[in-house]
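**Q** Provided herewith: coords.txt, compact mmCIF, C-alpha atoms.
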# COMPACT_ATOMS: atom_id res chain seq x y z
CA MET A 1353 8.16 37.00 -26.00
CA THR A 1354 9.02 33.58 -27.38
CA GLY A 1355 8.59 32.15 -23.88
CA ARG A 1356 5.14 33.65 -23.60
CA ALA A 1357 4.19 32.55 -27.08
CA GLY A 1358 5.52 29.09 -26.28
CA ARG A 1359 3.41 28.92 -23.17
CA ALA A 1360 0.32 30.03 -25.08
CA PHE A 1361 1.07 27.38 -27.69
CA ALA A 1362 1.50 24.73 -25.01
CA LEU A 1363 -1.79 25.78 -23.47
CA ALA A 1364 -3.49 25.57 -26.85
CA ILE A 1365 -2.10 22.05 -27.30
CA LEU A 1366 -3.34 21.10 -23.82
CA LEU A 1367 -6.78 22.50 -24.54
CA LEU A 1368 -6.86 20.72 -27.88
CA GLY A 1369 -5.84 17.49 -26.19
CA HIS A 1370 -8.57 18.05 -23.65
CA ALA A 1371 -11.16 18.76 -26.31
CA LEU A 1372 -10.31 15.54 -28.13
CA ALA A 1373 -10.35 13.83 -24.74
CA ASP A 1374 -9.48 10.39 -25.99
CA ASP A 1375 -7.89 8.36 -23.26
CA ILE A 1376 -5.19 5.72 -23.34
CA PRO A 1377 -6.16 2.80 -25.65
CA ALA A 1378 -6.82 -0.44 -23.80
CA ASN A 1379 -3.79 -2.18 -25.27
CA GLN A 1380 -1.47 0.62 -24.11
CA ARG A 1381 -2.56 0.63 -20.48
CA LEU A 1382 0.24 0.10 -17.97
CA SER A 1383 -0.09 -0.31 -14.23
CA GLY A 1384 2.18 1.49 -11.81
CA HIS A 1385 3.95 -1.83 -11.38
CA ASP A 1386 4.67 -2.04 -15.13
CA MET A 1387 6.11 1.48 -15.16
CA MET A 1388 8.41 1.33 -12.15
CA GLY A 1389 12.03 0.22 -12.02
CA ALA A 1390 13.21 -3.38 -11.93
CA GLU A 1391 14.36 -3.13 -8.29
CA ALA A 1392 10.99 -1.95 -7.04
CA GLN A 1393 9.28 -4.63 -9.14
CA ALA A 1394 11.50 -7.30 -7.58
CA MET A 1395 10.67 -5.93 -4.13
CA GLN A 1396 6.96 -6.29 -4.87
CA ARG A 1397 7.26 -9.76 -6.39
CA ASP A 1398 9.04 -11.16 -3.35
CA ASP A 1399 6.38 -11.47 -0.65
CA PHE A 1400 9.11 -11.40 1.90
CA ALA A 1401 10.71 -8.16 0.71
CA ASN A 1402 7.36 -6.41 0.24
CA PRO A 1403 6.74 -4.40 3.43
CA ALA A 1404 3.01 -4.32 2.70
CA MET A 1405 2.96 -8.01 3.63
CA LEU A 1406 3.54 -6.97 7.24
CA ALA A 1407 0.18 -5.21 7.09
CA VAL A 1408 -1.34 -8.33 5.51
CA LYS A 1409 -0.13 -10.42 8.43
CA GLU A 1410 -1.62 -7.91 10.85
CA GLY A 1411 -4.85 -7.85 8.84
CA GLU A 1412 -5.16 -11.62 9.01
CA ALA A 1413 -4.92 -11.47 12.81
CA LEU A 1414 -7.57 -8.71 12.91
CA TRP A 1415 -9.84 -10.72 10.60
CA LYS A 1416 -9.81 -13.63 13.01
CA ALA A 1417 -9.99 -11.70 16.29
CA ALA A 1418 -13.26 -10.72 17.95
CA PRO A 1419 -13.27 -6.93 18.44
CA GLY A 1420 -14.67 -7.29 21.94
CA GLU A 1421 -16.47 -9.55 24.39
CA GLY A 1422 -19.37 -11.25 22.62
CA ARG A 1423 -18.80 -9.35 19.36
CA PRO A 1424 -18.42 -11.32 16.14
CA SER A 1425 -15.07 -11.38 14.37
CA CYS A 1426 -14.98 -10.84 10.60
CA GLN A 1427 -14.30 -14.54 10.24
CA SER A 1428 -17.32 -15.66 12.28
CA CYS A 1429 -19.63 -14.16 9.63
CA HIS A 1430 -17.54 -14.42 6.47
CA GLY A 1431 -15.54 -17.59 7.17
CA ASP A 1432 -12.11 -18.19 5.70
CA ALA A 1433 -11.09 -15.07 3.78
CA ALA A 1434 -9.06 -17.11 1.32
CA GLU A 1435 -12.38 -18.60 0.17
CA SER A 1436 -15.08 -16.04 0.89
CA MET A 1437 -13.12 -12.88 0.02
CA LYS A 1438 -11.62 -14.17 -3.22
CA GLY A 1439 -12.25 -11.54 -5.88
CA VAL A 1440 -14.19 -9.26 -3.55
CA ALA A 1441 -11.67 -6.40 -3.54
CA ALA A 1442 -11.69 -6.47 -7.37
CA ARG A 1443 -15.43 -5.66 -7.24
CA TYR A 1444 -15.10 -2.61 -4.98
CA PRO A 1445 -16.36 0.15 -4.77
CA ALA A 1446 -19.78 -1.48 -4.75
CA ARG A 1447 -23.30 -0.27 -4.13
CA ASP A 1448 -24.84 -1.18 -0.81
CA ALA A 1449 -28.22 -2.73 -1.60
CA SER A 1450 -30.04 -1.32 1.44
CA THR A 1451 -28.87 2.31 1.32
CA GLY A 1452 -28.06 2.67 -2.38
CA ARG A 1453 -24.78 4.27 -1.41
CA ALA A 1454 -21.52 3.22 -3.05
CA PHE A 1455 -18.87 2.07 -0.61
CA ASP A 1456 -15.19 1.70 -1.24
CA LEU A 1457 -13.49 -1.22 0.49
CA PRO A 1458 -12.40 0.69 3.63
CA GLY A 1459 -15.85 2.28 3.79
CA GLN A 1460 -17.45 -1.17 3.67
CA ILE A 1461 -15.13 -2.40 6.44
CA GLN A 1462 -16.16 0.61 8.54
CA ALA A 1463 -19.83 -0.09 7.80
CA CYS A 1464 -19.36 -3.69 8.96
CA GLN A 1465 -17.63 -2.50 12.12
CA THR A 1466 -20.47 -0.17 13.08
CA GLY A 1467 -23.36 -2.24 11.73
CA ARG A 1468 -22.38 -5.84 12.44
CA GLN A 1469 -19.68 -5.71 15.09
CA ALA A 1470 -21.19 -2.72 16.92
CA VAL A 1471 -17.79 -1.15 17.58
CA ALA A 1472 -16.35 2.27 16.77
CA PRO A 1473 -15.11 2.15 13.17
CA SER A 1474 -11.37 2.26 12.53
CA ALA A 1475 -10.35 5.68 11.25
CA ARG A 1476 -9.41 6.16 7.61
CA GLU A 1477 -5.67 5.63 7.10
CA SER A 1478 -5.35 3.96 10.51
CA ALA A 1479 -3.05 0.96 10.76
CA ALA A 1480 -5.96 -1.38 11.51
CA LEU A 1481 -8.07 -0.33 8.53
CA LEU A 1482 -5.12 -0.45 6.14
CA ALA A 1483 -4.18 -3.88 7.47
CA LEU A 1484 -7.66 -5.31 6.88
CA GLU A 1485 -7.79 -3.67 3.46
CA ALA A 1486 -4.40 -5.13 2.56
CA TYR A 1487 -5.44 -8.59 3.72
CA LEU A 1488 -8.65 -8.47 1.69
CA SER A 1489 -6.93 -7.06 -1.40
CA LEU A 1490 -4.41 -9.88 -1.33
CA GLN A 1491 -7.29 -12.34 -1.81
CA SER A 1492 -7.89 -10.76 -5.24
CA ARG A 1493 -4.28 -10.63 -6.38
CA GLY A 1494 -3.94 -11.40 -10.07
CA MET A 1495 -7.68 -11.14 -10.68
CA PRO A 1496 -9.08 -8.62 -13.20
CA LEU A 1497 -10.68 -5.43 -11.89
CA ALA A 1498 -14.42 -5.75 -12.49
CA SER A 1499 -16.04 -2.98 -14.51
CA PRO A 1500 -18.16 -0.74 -12.25
CA ARG A 1501 -20.33 0.22 -15.24
CA ALA A 1502 -21.27 -3.41 -15.72
CA ARG A 1503 -22.33 -3.48 -12.06
CA GLY A 1504 -24.83 -0.65 -12.35
CA LEU A 1505 -22.57 2.18 -11.18
CA GLU A 1506 -22.92 4.16 -14.40
CA ASP A 1507 -23.95 7.37 -12.57
CA ALA A 1508 -20.87 7.25 -10.32
CA VAL A 1509 -18.63 6.54 -13.33
CA LEU A 1510 -19.91 9.69 -15.01
CA ARG A 1511 -19.48 11.80 -11.86
CA GLY A 1512 -15.98 10.38 -11.41
CA GLU A 1513 -15.03 11.12 -14.99
CA LYS A 1514 -16.18 14.71 -14.56
CA LEU A 1515 -13.91 15.01 -11.52
CA TYR A 1516 -11.06 13.37 -13.44
CA ARG A 1517 -11.32 15.98 -16.18
CA GLN A 1518 -12.01 18.96 -13.94
CA ARG A 1519 -9.19 21.44 -13.33
CA PHE A 1520 -8.38 22.02 -9.67
CA GLY A 1521 -6.21 24.19 -7.50
CA GLN A 1522 -3.77 27.03 -8.00
CA LEU A 1523 -1.95 25.06 -10.70
CA ASP A 1524 -5.30 24.63 -12.47
CA LEU A 1525 -4.62 21.06 -13.51
CA SER A 1526 -6.93 18.12 -14.03
CA CYS A 1527 -6.05 14.48 -13.39
CA ALA A 1528 -6.39 13.83 -17.12
CA GLN A 1529 -3.79 16.42 -18.09
CA CYS A 1530 -1.08 14.46 -16.31
CA HIS A 1531 -2.29 10.87 -16.29
CA SER A 1532 -4.02 10.62 -19.69
CA GLN A 1533 -2.18 13.19 -21.78
CA ASN A 1534 1.34 13.26 -20.33
CA TRP A 1535 1.88 9.84 -18.80
CA GLY A 1536 5.36 8.43 -19.17
CA ARG A 1537 6.95 11.90 -19.11
CA SER A 1538 8.98 13.22 -16.21
CA LEU A 1539 7.58 15.27 -13.37
CA GLY A 1540 10.43 16.34 -11.14
CA GLY A 1541 12.45 13.19 -11.68
CA THR A 1542 9.60 10.71 -11.48
CA ARG A 1543 7.64 9.25 -14.35
CA ILE A 1544 3.99 10.18 -14.53
CA PRO A 1545 1.97 6.95 -14.28
CA GLN A 1546 -1.34 6.29 -16.00
CA ALA A 1547 -3.25 6.26 -12.69
CA HIS A 1548 -4.66 2.74 -12.76
CA PRO A 1549 -5.45 1.81 -9.17
CA THR A 1550 -4.48 -1.86 -9.34
CA GLY A 1551 -2.23 -2.15 -6.31
CA TYR A 1552 -3.90 -0.33 -3.41
CA PRO A 1553 -3.37 -0.30 -0.52
CA LEU A 1554 0.33 -0.22 -1.22
CA PHE A 1555 3.67 0.50 0.34
CA ARG A 1556 5.08 3.71 -1.08
CA MET A 1557 8.77 4.25 -0.48
CA GLU A 1558 8.24 7.99 -0.50
CA TRP A 1559 5.77 7.58 2.38
CA GLN A 1560 7.84 4.89 4.09
CA ALA A 1561 4.48 3.41 4.92
CA ILE A 1562 1.47 1.61 3.53
CA GLY A 1563 -1.28 3.93 2.36
CA SER A 1564 -4.65 3.94 0.67
CA LEU A 1565 -5.81 5.20 -2.70
CA GLN A 1566 -7.39 8.18 -0.97
CA ARG A 1567 -4.02 9.11 0.47
CA ARG A 1568 -2.64 9.02 -3.08
CA PHE A 1569 -5.51 11.22 -4.25
CA ARG A 1570 -4.81 13.69 -1.44
CA ASN A 1571 -1.13 13.78 -2.45
CA CYS A 1572 -2.07 14.67 -6.03
CA MET A 1573 -4.52 17.32 -4.84
CA THR A 1574 -2.02 19.04 -2.58
CA GLY A 1575 0.57 18.67 -5.37
CA ILE A 1576 -1.56 20.83 -7.64
CA ARG A 1577 -2.23 23.13 -4.67
CA ALA A 1578 -5.89 22.25 -4.42
CA GLU A 1579 -7.83 21.64 -1.25
CA PRO A 1580 -8.39 17.89 -0.95
CA PHE A 1581 -11.86 16.51 -0.19
CA PRO A 1582 -12.22 15.22 3.37
CA ALA A 1583 -11.31 11.59 4.10
CA GLY A 1584 -14.04 9.22 2.99
CA ALA A 1585 -15.85 11.88 0.94
CA PRO A 1586 -18.21 10.57 -1.80
CA GLU A 1587 -16.15 12.48 -4.40
CA TRP A 1588 -13.20 10.19 -3.72
CA VAL A 1589 -15.41 7.14 -4.14
CA ASP A 1590 -16.76 8.46 -7.46
CA LEU A 1591 -13.22 9.12 -8.65
CA GLU A 1592 -12.13 5.64 -7.60
CA ILE A 1593 -15.12 4.15 -9.45
CA TYR A 1594 -14.20 6.03 -12.61
CA LEU A 1595 -10.53 4.99 -12.37
CA LYS A 1596 -11.56 1.37 -11.92
CA GLU A 1597 -13.82 1.62 -14.98
CA ARG A 1598 -10.85 3.05 -16.86
CA ALA A 1599 -8.69 0.18 -15.56
CA ALA A 1600 -11.34 -2.53 -15.98
CA ASP A 1601 -9.91 -5.99 -16.68
CA MET A 1602 -6.39 -5.01 -15.61
CA ALA A 1603 -4.95 -7.50 -13.12
CA MET A 1604 -4.83 -6.50 -9.46
CA ASP A 1605 -1.36 -6.52 -7.94
CA ALA A 1606 -2.31 -5.46 -4.41
CA PRO A 1607 -0.73 -5.03 -1.98
CA GLY A 1608 1.82 -3.31 -4.16
CA VAL A 1609 5.10 -1.48 -3.76
CA ARG A 1610 5.65 1.86 -5.46
CA PRO A 1611 8.54 4.31 -5.43
CA MET B 1311 2.44 -3.39 18.28
CA ALA B 1312 4.96 -4.53 15.76
CA THR B 1313 4.64 -7.32 13.26
CA ALA B 1314 7.69 -9.28 12.18
CA MET B 1315 8.33 -11.89 9.53
CA ILE B 1316 11.14 -14.46 9.60
CA LEU B 1317 12.11 -16.43 6.53
CA LEU B 1318 14.32 -19.52 6.66
CA PRO B 1319 15.33 -21.49 3.55
CA ARG B 1320 12.65 -23.94 2.51
CA THR B 1321 15.20 -26.48 1.26
CA THR B 1322 16.66 -29.27 3.41
CA ILE B 1323 19.51 -27.93 5.52
CA ARG B 1324 22.50 -30.13 6.36
CA ALA B 1325 25.21 -29.56 8.96
CA GLY B 1326 27.91 -27.32 7.52
CA ASP B 1327 25.53 -25.45 5.17
CA VAL B 1328 25.60 -21.67 5.18
CA VAL B 1329 21.96 -20.57 5.27
CA MET B 1330 20.54 -17.10 4.65
CA ILE B 1331 18.13 -15.87 7.30
CA LYS B 1332 15.76 -13.00 6.49
CA ALA B 1333 14.00 -10.89 9.09
CA MET B 1334 11.68 -7.92 8.56
CA ILE B 1335 9.78 -5.93 11.17
CA SER B 1336 7.16 -3.20 10.93
CA HIS B 1337 8.52 0.00 12.44
CA PRO B 1338 8.24 3.66 11.35
CA MET B 1339 11.97 4.43 11.99
CA GLU B 1340 11.15 8.07 12.63
CA THR B 1341 14.47 9.90 12.31
CA GLY B 1342 13.93 12.71 14.80
CA PHE B 1343 15.02 15.24 12.20
CA ARG B 1344 11.58 15.87 10.78
CA ARG B 1345 9.13 18.50 11.86
CA THR B 1346 5.37 18.77 11.76
CA ASP B 1347 3.53 21.26 9.56
CA THR B 1348 3.50 23.71 12.45
CA GLY B 1349 7.22 23.37 13.14
CA GLY B 1350 6.99 21.05 16.14
CA GLU B 1351 9.67 18.43 16.50
CA ILE B 1352 8.75 14.83 15.69
CA PRO B 1353 10.71 12.89 18.31
CA ARG B 1354 13.09 10.17 17.23
CA ASN B 1355 11.59 6.70 17.31
CA ILE B 1356 13.89 4.09 15.85
CA ILE B 1357 15.03 0.55 16.52
CA ARG B 1358 18.46 0.77 18.12
CA GLN B 1359 19.66 -2.78 18.18
CA PHE B 1360 18.96 -6.17 16.67
CA SER B 1361 20.39 -9.52 17.65
CA CYS B 1362 19.88 -13.11 16.62
CA ARG B 1363 20.80 -16.06 18.83
CA TYR B 1364 21.20 -19.56 17.48
CA ALA B 1365 20.95 -22.19 20.20
CA GLY B 1366 21.67 -19.50 22.76
CA GLU B 1367 24.72 -18.03 21.08
CA ILE B 1368 24.73 -14.66 19.33
CA VAL B 1369 25.35 -15.26 15.62
CA PHE B 1370 24.40 -11.83 14.29
CA SER B 1371 23.77 -8.44 15.83
CA CYS B 1372 23.78 -4.88 14.61
CA ASN B 1373 23.02 -1.32 15.65
CA PHE B 1374 20.51 0.83 13.80
CA HIS B 1375 20.78 4.55 13.11
CA PRO B 1376 18.30 7.22 12.02
CA ALA B 1377 19.05 6.92 8.29
CA ILE B 1378 17.66 3.38 8.09
CA ALA B 1379 14.36 3.05 6.25
CA ALA B 1380 11.04 2.11 7.79
CA ASN B 1381 10.33 -1.60 8.23
CA PRO B 1382 14.00 -2.66 8.40
CA PHE B 1383 14.76 -5.78 6.41
CA LEU B 1384 17.85 -7.80 7.36
CA SER B 1385 19.40 -10.74 5.61
CA PHE B 1386 22.40 -12.54 7.09
CA PRO B 1387 24.19 -15.88 6.76
CA VAL B 1388 24.38 -18.46 9.54
CA LEU B 1389 26.50 -21.60 9.59
CA ALA B 1390 24.12 -24.47 10.36
CA ALA B 1391 25.55 -26.99 12.83
CA ARG B 1392 22.60 -28.76 14.43
CA SER B 1393 18.88 -28.20 14.92
CA GLY B 1394 18.22 -25.41 17.36
CA PRO B 1395 16.04 -22.39 18.06
CA LEU B 1396 16.73 -19.02 16.49
CA GLU B 1397 15.76 -16.10 18.71
CA PHE B 1398 15.40 -12.64 17.24
CA VAL B 1399 15.26 -9.51 19.39
CA TRP B 1400 14.70 -5.93 18.28
CA ARG B 1401 15.16 -3.14 20.84
CA GLY B 1402 14.55 0.54 20.31
CA ASP B 1403 13.45 3.94 21.53
CA ASN B 1404 10.53 4.32 23.95
CA GLY B 1405 11.21 0.89 25.39
CA PHE B 1406 10.49 -0.87 22.08
CA LEU B 1407 11.06 -4.59 22.39
CA HIS B 1408 10.00 -7.31 19.97
CA ARG B 1409 10.94 -11.00 20.04
CA GLU B 1410 10.45 -13.71 17.46
CA GLN B 1411 11.43 -17.36 17.45
CA ALA B 1412 12.01 -19.83 14.67
CA MET B 1413 13.35 -23.37 14.59
CA LEU B 1414 16.31 -24.15 12.37
CA GLN B 1415 15.94 -27.80 11.40
CA VAL B 1416 19.17 -29.45 10.37
CA ALA B 1417 18.71 -32.83 8.67
CA ALA B 1418 20.78 -35.74 9.91
CA SER B 1419 23.50 -36.45 7.36
Once you've parsed the file, please lay out its structure as structure tokens.
**A**
Amino acid sequence: MTGRAGRAFALAILLLGHALADDIPANQRLSGHDMMGAEAQAMQRDDFANPAMLAVKEGEALWKAAPGEGRPSCQSCHGDAAESMKGVAARYPARDASTGRAFDLPGQIQACQTGRQAVAPSARESAALLALEAYLSLQSRGMPLASPRARGLEDAVLRGEKLYRQRFGQLDLSCAQCHSQNWGRSLGGTRIPQAHPTGYPLFRMEWQAIGSLQRRFRNCMTGIRAEPFPAGAPEWVDLEIYLKERAADMAMDAPGVRP
Amino acid sequence: MATAMILLPRTTIRAGDVVMIKAMISHPMETGFRRTDTGGEIPRNIIRQFSCRYAGEIVFSCNFHPAIAANPFLSFPVLAARSGPLEFVWRGDNGFLHREQAMLQVAAS
């Protein structure tokens, strides 16, 4: 019976923690980079050892190449990415003025592909889209994440926070229970990070590949045995907006390396 | 389509110096031991062999095996003698072939 009582007690503590619902104080926020081991940090710091830089190189080539005969390249509209895209990734997701819809960075790239370049958009999680995303994110490296609330995305922040605190799946866990209330503790041999999306897209050693924030979300969802939202779903964008509000002013370290 | 990066020392190289060459290539290095969600086999797709020629002569080569991680990163020393081209070749499953070139500049002493 002690086990059962213990579990009930633990549940009560969790519920209490949830009810208080105060998140990590700003001065205690740590990025995934801050929380990982020294070897992985060294791998990320060295642009030559960071495998995500291969995607950056590919992304630079895609940025400059016309997608087809007579179609504009990214560069022919936007110019040199090192100038025009500086700080742009730090301001995404952003609201599209004409449709009122919030786009994350890959969503915006897809919108440009269909709207401006008149080509079929690169699929989510495809090598081409990740490469462009990595190349654009690099242009914001070291810059603070801009607060989505300050950019008029208050409604999405609130929807995202609701998702963050909602319990999902057979394990009946919310994002907050791990990443706000139990960060720093062990989950099957790995440390639970605080879930600040500063380094995406990033090379995850577990994946042996570069992947997007939505891939990370999907991993968490299947981990708690919940059905993930489909790729590109507005729920993911809302969640990303909330996480970026939560991580506002933290420095971007994309494209990162994570264990 | 693979992407590769070659890094040579940025310092001045003189004849007789031992220089470290770094080479990284994008490749999934699929082991062939994994299966899909439905139990189907994921066929092996790895790089099998790497070689580096310095002025036409092989100075480093190695074989790869399934346990090597994706995006293999190699670092090896070369004794600099005189300026010459470095040619890197990766060969692998499914006819994979990727070449890169770099120039090793050796300063006159």
**Q** What is the CA of Val1408 in chain A to CA of Gly1402 in chain B distance in Å?
**A**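 These atoms are spaced 23.5 Å apart.
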**Q** Please determine the contact residues of chain A with respect to chain B at a cut-off of 9 Å, counting all atoms listed in the file, and supply them as a count of residues only.
**A** 11
**Q** With only C-alpha atoms as the atoms that count, which of A:Tyr1487, A:Trp1415, A:Tyr1552, A:Trp1588 lies nearest to Ser1383 in chain A?
**A** A:Tyr1552
**Q** One number please: CA of Ile1356 in chain B to CA of Glu1397 in chain B, in Å, one decimal.
**A**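 Atom-to-atom, CA of Ile1356 in chain B and CA of Glu1397 in chain B are spaced 20.5 Å apart.
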**Q** What's around Ala1475 in chain A at 10 Å? Count all atoms listed in the file, leave out sequence neighbours fewer than 2 positions away in its own chain, and write the answer as a list in words.
**A**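 Counting all atoms listed in the file, the residues come to Pro1458, Gly1459, Gln1462, Ala1472, Pro1473, Glu1477, Ser1478, Ala1479, Ala1480, Leu1481, Leu1482, Ala1583 and Gly1584 of chain A.
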